[in-house]
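**Student:** My questions all concern the structure below.
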2 protein chains.
Amino acid sequence: MKCRVCREPAVIDVRRHNAAFCRDHFLHHCQEQTRRAIKSQQMLAEGERVLVAVSGGKDSLALWDVLLELGYEADGLYLGLGIGEYSSASRDAAAAFAESRGLLLHEVDLASQYGFDVPGAAAATRRAPCGSCGLSKRHLFNSVALERGYDVVATGHNLDDEAAVLLGNVLRWETDYLARQYPVLPAAPGFARKVKPFYRLGERETAAYCVLRGIDYQVEECPMAEGNRHLGYKEVLNTLEDRSPGSKAAFLFGFLERAHERFADDTVEERDALRPCAGCGSPTPGELCAFCRLQERAAPGARVPVELGPTR
Amino acid sequence: MKCRVCREPAVIDVRRHNAAFCRDHFLHHCQEQTRRAIKSQQMLAEGERVLVAVSGGKDSLALWDVLLELGYEADGLYLGLGIGEYSSASRDAAAAFAESRGLLLHEVDLASQYGFDVPGAAAATRRAPCGSCGLSKRHLFNSVALERGYDVVATGHNLDDEAAVLLGNVLRWETDYLARQYPVLPAAPGFARKVKPFYRLGERETAAYCVLRGIDYQVEECPMAEGNRHLGYKEVLNTLEDRSPGSKAAFLFGFLERAHERFADDTVEERDALRPCAGCGSPTPGELCAFCRLQERAAPGARVPVELGPTR
C-alpha cells in the first residue's frame, strides 16, 4: 500500500477515495478536504473569529487543529454536561489540548451555571437524554458566540454524523429538519452562523488525524447515547458502505447537490414568526425558548438571568 | 393473541398496525388495504379492464385474487424469462391458479418470441441480470396491455419492495427515479396506466394471504437476484423495522405524502421529447427503444417485427 501522492509506504487507506496516504499526505488530505468544504460553502471569510464547539473527542479537537493550521483565528468552547466520568475525562482532553498550545478555551458548566445537568434533564423530561443534550448545546454555543463577539460557531460533525442524521430525517421525511440540514446555516437576527467544516471527512479519518498529530482525545463514546437511534443509523450506513464504498458520501453529497433545495422553503415561515424569549432573549416562536423551558422543568426555581462564568 | 375485530383466536399479527387477526378478518384486512390504496390513489375506475403482471409468486397471485374479490375484471400476463427451473415452476404456479378458476392468462415467452432470455441478456450486456429483466418486463407488460386493449397494468409490488426501491433511490438521490416512484403512473401516449395496489401491504402479509386462501405460489426467490442491491436494502430496512415497527411504512408513505411532489418536475422534460421507436413503435427518447437495443445485443438478427403469440 503506497501513498497516492509520493509512492512512499502508506499508513492509512481511504476506500471511498480509492486511495492510500503516508502520514504527511494524509494530514494534507484532511486539511484539503476541510479547505474545500469551507471554500465551496463559503463557511468562513478572512479575519472572522471562529468559536469551535469542543467536546474533547476526536472530531472537535481535529477540527480546532485543522482550522488553526489553515490560518483561522479559532477559540474553543467546552460545555460541561455533567455526565460523570465521561464528562470529566472529556473536559481534561479539551483543556490539555488548549493548554499545550496556549489556546483560549471558554467553559460553560450546565450544573453550576444553569442548575441542571444532562442526566437530570433526562430524568425531569422522562425522555432520552440526547434530546436535552442537543438542545442545550445548540442554545449555549449560539448564545456564547453572540455574547462574546464570534462571527461563527464551527462544530466537528463529520460525514458519518451527517449521513446518519440525514438517514433518520429521510426515513421519517422530516421536511423541516431536511430544510435545515446543510453544512452552513447563515446568520440571522439572534443566530450566529453555524458551519460544519468536516462534513467531507469520515470519522475514521478524523480519528486517524488525531493519532497522527499526537492529539490525545476522549476515546469513549457518551455512555448515555448507547443504543440510540442515531447509532443504529450509523450501523446501517456502515453495512451499506462495506458493500459499496462511497455510499455514504454519495448519499450526503447527493442530498446537498440535488435534493436539499427542494425542502428549503419549509423553514422560512418558522423564522418569520420568532420573537425574543422572555427568559433569555433568544429568538423563539413561543413565550419561553426551548432551553428556558427545559431549565424550568429540570431546575425549578433556577431560571434567573445567569451571568456567564469567567473564561479560562 | 386475539383478533382485533372479533376477539376470536388470531392466526397472524401485524406489528406495524399493532394488531392481530383471525383468518377471515385478516383476508378482509388485505382486501381493505387494497381497496383503500385503489380508492385513495384513483387507480381503477369501474368497468376498466385490468392486466395483472403475474410472476407466479405470492404477490402477483394474491393481487389477482384480491382484485377479483373486489369485483374487478382482471386477466393475467405471464412473461417467460428463461431462468431454468425457477421460470418453469413459476409458470406452473401461474397457470394452475388461472386454470383452477377459469381465468384468462396471456403468456409471452422471451426466448421463443424475441430470441433471447434473461441469462442471455445478462451475458450479452455483461451486467447484472436484474436490469435486463426489469427492462423487458416494463416493455412487454406495457405493449401487451396496449395491443390487447387493457386500460391499466397492475403489478404486485408490495410495501417492502417499494420501500427498498425508495431507499436505493434516496441513497443515490436519483431524482428522476424519485419523480417516477408512485403507486400510480398515469397513462400517456404509448403508455398504459401502471398501478401498484399492494403498496400498503407487507410481503409477510401477501404470503399469509396466499397460505390462508390456499393459493400455491412459487416460494423460491429468483436465483439470479441473489446478493443484488435491492435485497441488501430490504435487509437494512428489516433491521430498522425490527427496532422500530412501522419504520418502513412511515418511510414510504411519508415520501408519497410529503416529498414525492418535490421531485415531480424531473420527468416532464423527458416525456416531452419522446418519439416512436424505429423497431417497435414504443415511445423512446432515441432512435431505438431500450428493449429493442437490448434485443439487438442479446439476439443479433432477431429484431424483426414479432407477432405476439396466441393467448391461452
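Residues in the C-alpha cells are named by chain (A, B, ... in the order shown) and by number from 1 within that chain; ligands are numbered from 1 in the order shown.
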Considering only C-alpha atoms, return as a ChimeraX atom specification whatever protein or nucleic-acid residues lie within 9 Å of B:Arg91, sequence-local ones (same chain, fewer than 2 positions apart) excluded.
**Tutor:** /B:54-56,78-80,86-89,93-96,218
**Student:** If we count only C-alpha atoms and set the cut-off at 6 Å, which residues sit around B:Leu110, ignoring sequence neighbours fewer than 6 positions away in its own chain? Please answer as number ranges by chain.
**Tutor:** B: 80-81, 116-117
**Student:** Within 7 Å of chain A, which residues of chain B show up? Give each one with its shortest atom-to-atom distance in Å (one decimal) and the two atoms involved, counting only C-alpha atoms, rows by chain then rising residue number, as JSON lines.
**Tutor:**
```
{"residue": "B:Leu171", "atom": "CA", "partner": "A:Phe251", "partner_atom": "CA", "distance": 4.6}
{"residue": "B:Arg172", "atom": "CA", "partner": "A:Phe251", "partner_atom": "CA", "distance": 5.4}
{"residue": "B:Trp173", "atom": "CA", "partner": "A:Gly254", "partner_atom": "CA", "distance": 5.6}
{"residue": "B:Val236", "atom": "CA", "partner": "A:Val236", "partner_atom": "CA", "distance": 6.4}
{"residue": "B:Ala250", "atom": "CA", "partner": "A:Arg172", "partner_atom": "CA", "distance": 5.9}
{"residue": "B:Phe251", "atom": "CA", "partner": "A:Leu171", "partner_atom": "CA", "distance": 4.6}
{"residue": "B:Gly254", "atom": "CA", "partner": "A:Trp173", "partner_atom": "CA", "distance": 5.6}
{"residue": "B:Phe255", "atom": "CA", "partner": "A:Trp173", "partner_atom": "CA", "distance": 6.3}
{"residue": "B:Arg262", "atom": "CA", "partner": "A:Arg262", "partner_atom": "CA", "distance": 5.9}
```
**Student:** May I have the residues from that selection written out with N, CA, C and O atoms, as a short mmCIF file (atom, residue, chain, number, x, y, z; two decimals), in the first residue's frame?
**Tutor:**
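Written out: again_7.cif:
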```
data_model
loop_
_atom_site.label_atom_id
_atom_site.label_comp_id
_atom_site.auth_asym_id
_atom_site.auth_seq_id
_atom_site.Cartn_x
_atom_site.Cartn_y
_atom_site.Cartn_z
N LEU B 171 -30.64 6.85 -1.47
CA LEU B 171 -29.22 6.76 -1.13
C LEU B 171 -28.36 7.38 -2.24
O LEU B 171 -27.29 7.90 -1.97
N ARG B 172 -28.84 7.31 -3.47
CA ARG B 172 -28.09 7.93 -4.57
C ARG B 172 -28.77 9.20 -5.08
O ARG B 172 -28.32 9.80 -6.05
N TRP B 173 -29.87 9.57 -4.42
CA TRP B 173 -30.64 10.75 -4.83
C TRP B 173 -30.83 10.78 -6.34
O TRP B 173 -30.45 11.73 -7.03
N VAL B 236 -31.59 -4.18 5.22
CA VAL B 236 -31.35 -2.99 6.04
C VAL B 236 -32.67 -2.46 6.60
O VAL B 236 -32.79 -2.13 7.78
N ALA B 250 -43.72 4.27 7.45
CA ALA B 250 -43.52 5.72 7.64
C ALA B 250 -42.60 6.26 6.55
O ALA B 250 -42.81 7.38 6.05
N PHE B 251 -41.60 5.47 6.18
CA PHE B 251 -40.65 5.89 5.15
C PHE B 251 -41.35 6.02 3.80
O PHE B 251 -41.27 7.06 3.13
N GLY B 254 -44.56 8.53 4.05
CA GLY B 254 -44.07 9.91 4.23
C GLY B 254 -43.53 10.48 2.93
O GLY B 254 -43.76 11.64 2.61
N PHE B 255 -42.82 9.64 2.17
CA PHE B 255 -42.32 10.08 0.86
C PHE B 255 -43.49 10.47 -0.04
O PHE B 255 -43.48 11.53 -0.67
N ARG B 262 -42.06 17.10 -4.64
CA ARG B 262 -40.89 17.97 -4.79
C ARG B 262 -39.97 17.52 -5.91
O ARG B 262 -39.06 18.25 -6.32
#
```
**Student:** Can you pull out every residue within 10 Å of A:Glu69, counting only C-alpha atoms, but drop anything in the same chain fewer than 5 positions away, and send it as a list in words?
**Tutor:**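 So, after excluding close chain neighbours, the residues are Gln31, Leu63 and Trp64 of chain A.
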**Student:** Would you save the residues from that selection as an mmCIF file, in the first residue's frame, using C-alpha atoms?
**Tutor:**
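Written out: result17.cif:
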```
data_model
loop_
_atom_site.group_PDB
_atom_site.id
_atom_site.type_symbol
_atom_site.label_atom_id
_atom_site.label_comp_id
_atom_site.auth_asym_id
_atom_site.auth_seq_id
_atom_site.Cartn_x
_atom_site.Cartn_y
_atom_site.Cartn_z
ATOM 1 C CA GLN A 31 -6.739 19.812 5.548
ATOM 2 C CA LEU A 63 -11.265 20.483 13.714
ATOM 3 C CA TRP A 64 -9.736 23.036 16.048
#
```
**Student:** At what distance in Å, to one decimal, does atom CA of A:His260 lie from atom CA of A:Asp176?
**Tutor:**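 For atom CA of A:Asp176 relative to atom CA of A:His260, the distance reads 10.8 Å.
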**Student:** Among stretch 43-137 of chain A, which residues carry a DSSP assignment of alpha helix (DSSP H), reported as a PyMOL selection string?
**Tutor:** chain A and resi 58-69+84-101+110-114+118-125+129-137
**Student:** Keeping C-alpha atoms, export the residues of the selection given above as a PDB file, in the first residue's frame.
**Tutor:**
```pdb
ATOM      1  CA  LYS A  58     -11.600  13.318  18.012  1.00  0.00           C
ATOM      2  CA  ASP A  59     -13.765  15.411  15.717  1.00  0.00           C
ATOM      3  CA  SER A  60     -13.738  18.666  17.637  1.00  0.00           C
ATOM      4  CA  LEU A  61     -10.055  18.565  18.555  1.00  0.00           C
ATOM      5  CA  ALA A  62      -9.071  17.665  14.986  1.00  0.00           C
ATOM      6  CA  LEU A  63     -11.265  20.483  13.714  1.00  0.00           C
ATOM      7  CA  TRP A  64      -9.736  23.036  16.048  1.00  0.00           C
ATOM      8  CA  ASP A  65      -6.278  21.878  14.971  1.00  0.00           C
ATOM      9  CA  VAL A  66      -7.061  21.965  11.247  1.00  0.00           C
ATOM     10  CA  LEU A  67      -8.664  25.416  11.447  1.00  0.00           C
ATOM     11  CA  LEU A  68      -5.538  26.762  13.142  1.00  0.00           C
ATOM     12  CA  GLU A  69      -3.337  25.024  10.557  1.00  0.00           C
ATOM     13  CA  GLY A  84     -19.954  11.686  35.357  1.00  0.00           C
ATOM     14  CA  GLU A  85     -16.530  10.326  34.493  1.00  0.00           C
ATOM     15  CA  TYR A  86     -17.207  10.697  30.771  1.00  0.00           C
ATOM     16  CA  SER A  87     -17.619  14.453  31.110  1.00  0.00           C
ATOM     17  CA  SER A  88     -14.605  14.983  33.338  1.00  0.00           C
ATOM     18  CA  ALA A  89     -12.304  12.989  31.051  1.00  0.00           C
ATOM     19  CA  SER A  90     -13.692  14.895  28.047  1.00  0.00           C
ATOM     20  CA  ARG A  91     -13.026  18.203  29.757  1.00  0.00           C
ATOM     21  CA  ASP A  92      -9.479  17.106  30.623  1.00  0.00           C
ATOM     22  CA  ALA A  93      -8.761  16.252  26.996  1.00  0.00           C
ATOM     23  CA  ALA A  94     -10.100  19.593  25.762  1.00  0.00           C
ATOM     24  CA  ALA A  95      -8.224  21.571  28.434  1.00  0.00           C
ATOM     25  CA  ALA A  96      -4.960  19.693  27.844  1.00  0.00           C
ATOM     26  CA  PHE A  97      -5.128  20.357  24.103  1.00  0.00           C
ATOM     27  CA  ALA A  98      -5.785  24.073  24.704  1.00  0.00           C
ATOM     28  CA  GLU A  99      -3.084  24.384  27.322  1.00  0.00           C
ATOM     29  CA  SER A 100      -0.438  22.623  25.274  1.00  0.00           C
ATOM     30  CA  ARG A 101      -0.880  25.166  22.512  1.00  0.00           C
ATOM     31  CA  LEU A 110     -24.591  23.323  32.920  1.00  0.00           C
ATOM     32  CA  ALA A 111     -24.909  22.275  36.566  1.00  0.00           C
ATOM     33  CA  SER A 112     -23.228  25.230  38.266  1.00  0.00           C
ATOM     34  CA  GLN A 113     -24.461  27.900  35.867  1.00  0.00           C
ATOM     35  CA  TYR A 114     -27.937  26.650  34.958  1.00  0.00           C
ATOM     36  CA  VAL A 118     -27.963  16.184  31.189  1.00  0.00           C
ATOM     37  CA  PRO A 119     -28.850  13.177  33.394  1.00  0.00           C
ATOM     38  CA  GLY A 120     -31.091  15.479  35.446  1.00  0.00           C
ATOM     39  CA  ALA A 121     -32.754  16.848  32.332  1.00  0.00           C
ATOM     40  CA  ALA A 122     -33.395  13.308  31.066  1.00  0.00           C
ATOM     41  CA  ALA A 123     -34.982  12.364  34.392  1.00  0.00           C
ATOM     42  CA  ALA A 124     -37.086  15.529  34.547  1.00  0.00           C
ATOM     43  CA  THR A 125     -38.349  15.214  30.981  1.00  0.00           C
ATOM     44  CA  PRO A 129     -31.011  12.324  27.263  1.00  0.00           C
ATOM     45  CA  CYS A 130     -29.814  13.071  23.711  1.00  0.00           C
ATOM     46  CA  GLY A 131     -32.707  15.470  23.106  1.00  0.00           C
ATOM     47  CA  SER A 132     -31.961  17.684  26.120  1.00  0.00           C
ATOM     48  CA  CYS A 133     -28.242  17.460  25.433  1.00  0.00           C
ATOM     49  CA  GLY A 134     -28.518  18.565  21.805  1.00  0.00           C
ATOM     50  CA  LEU A 135     -30.918  21.342  22.716  1.00  0.00           C
ATOM     51  CA  SER A 136     -28.583  22.668  25.432  1.00  0.00           C
ATOM     52  CA  LYS A 137     -25.585  22.552  23.120  1.00  0.00           C
TER      53      LYS A 137
END
```
**Student:** Between B:Val14, B:Cys3, B:Ala273, B:Cys30, which has the minimum distance to B:Cys210 (counting only C-alpha atoms)?
**Tutor:**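 Closest residue, counting only C-alpha atoms: B:Cys30.
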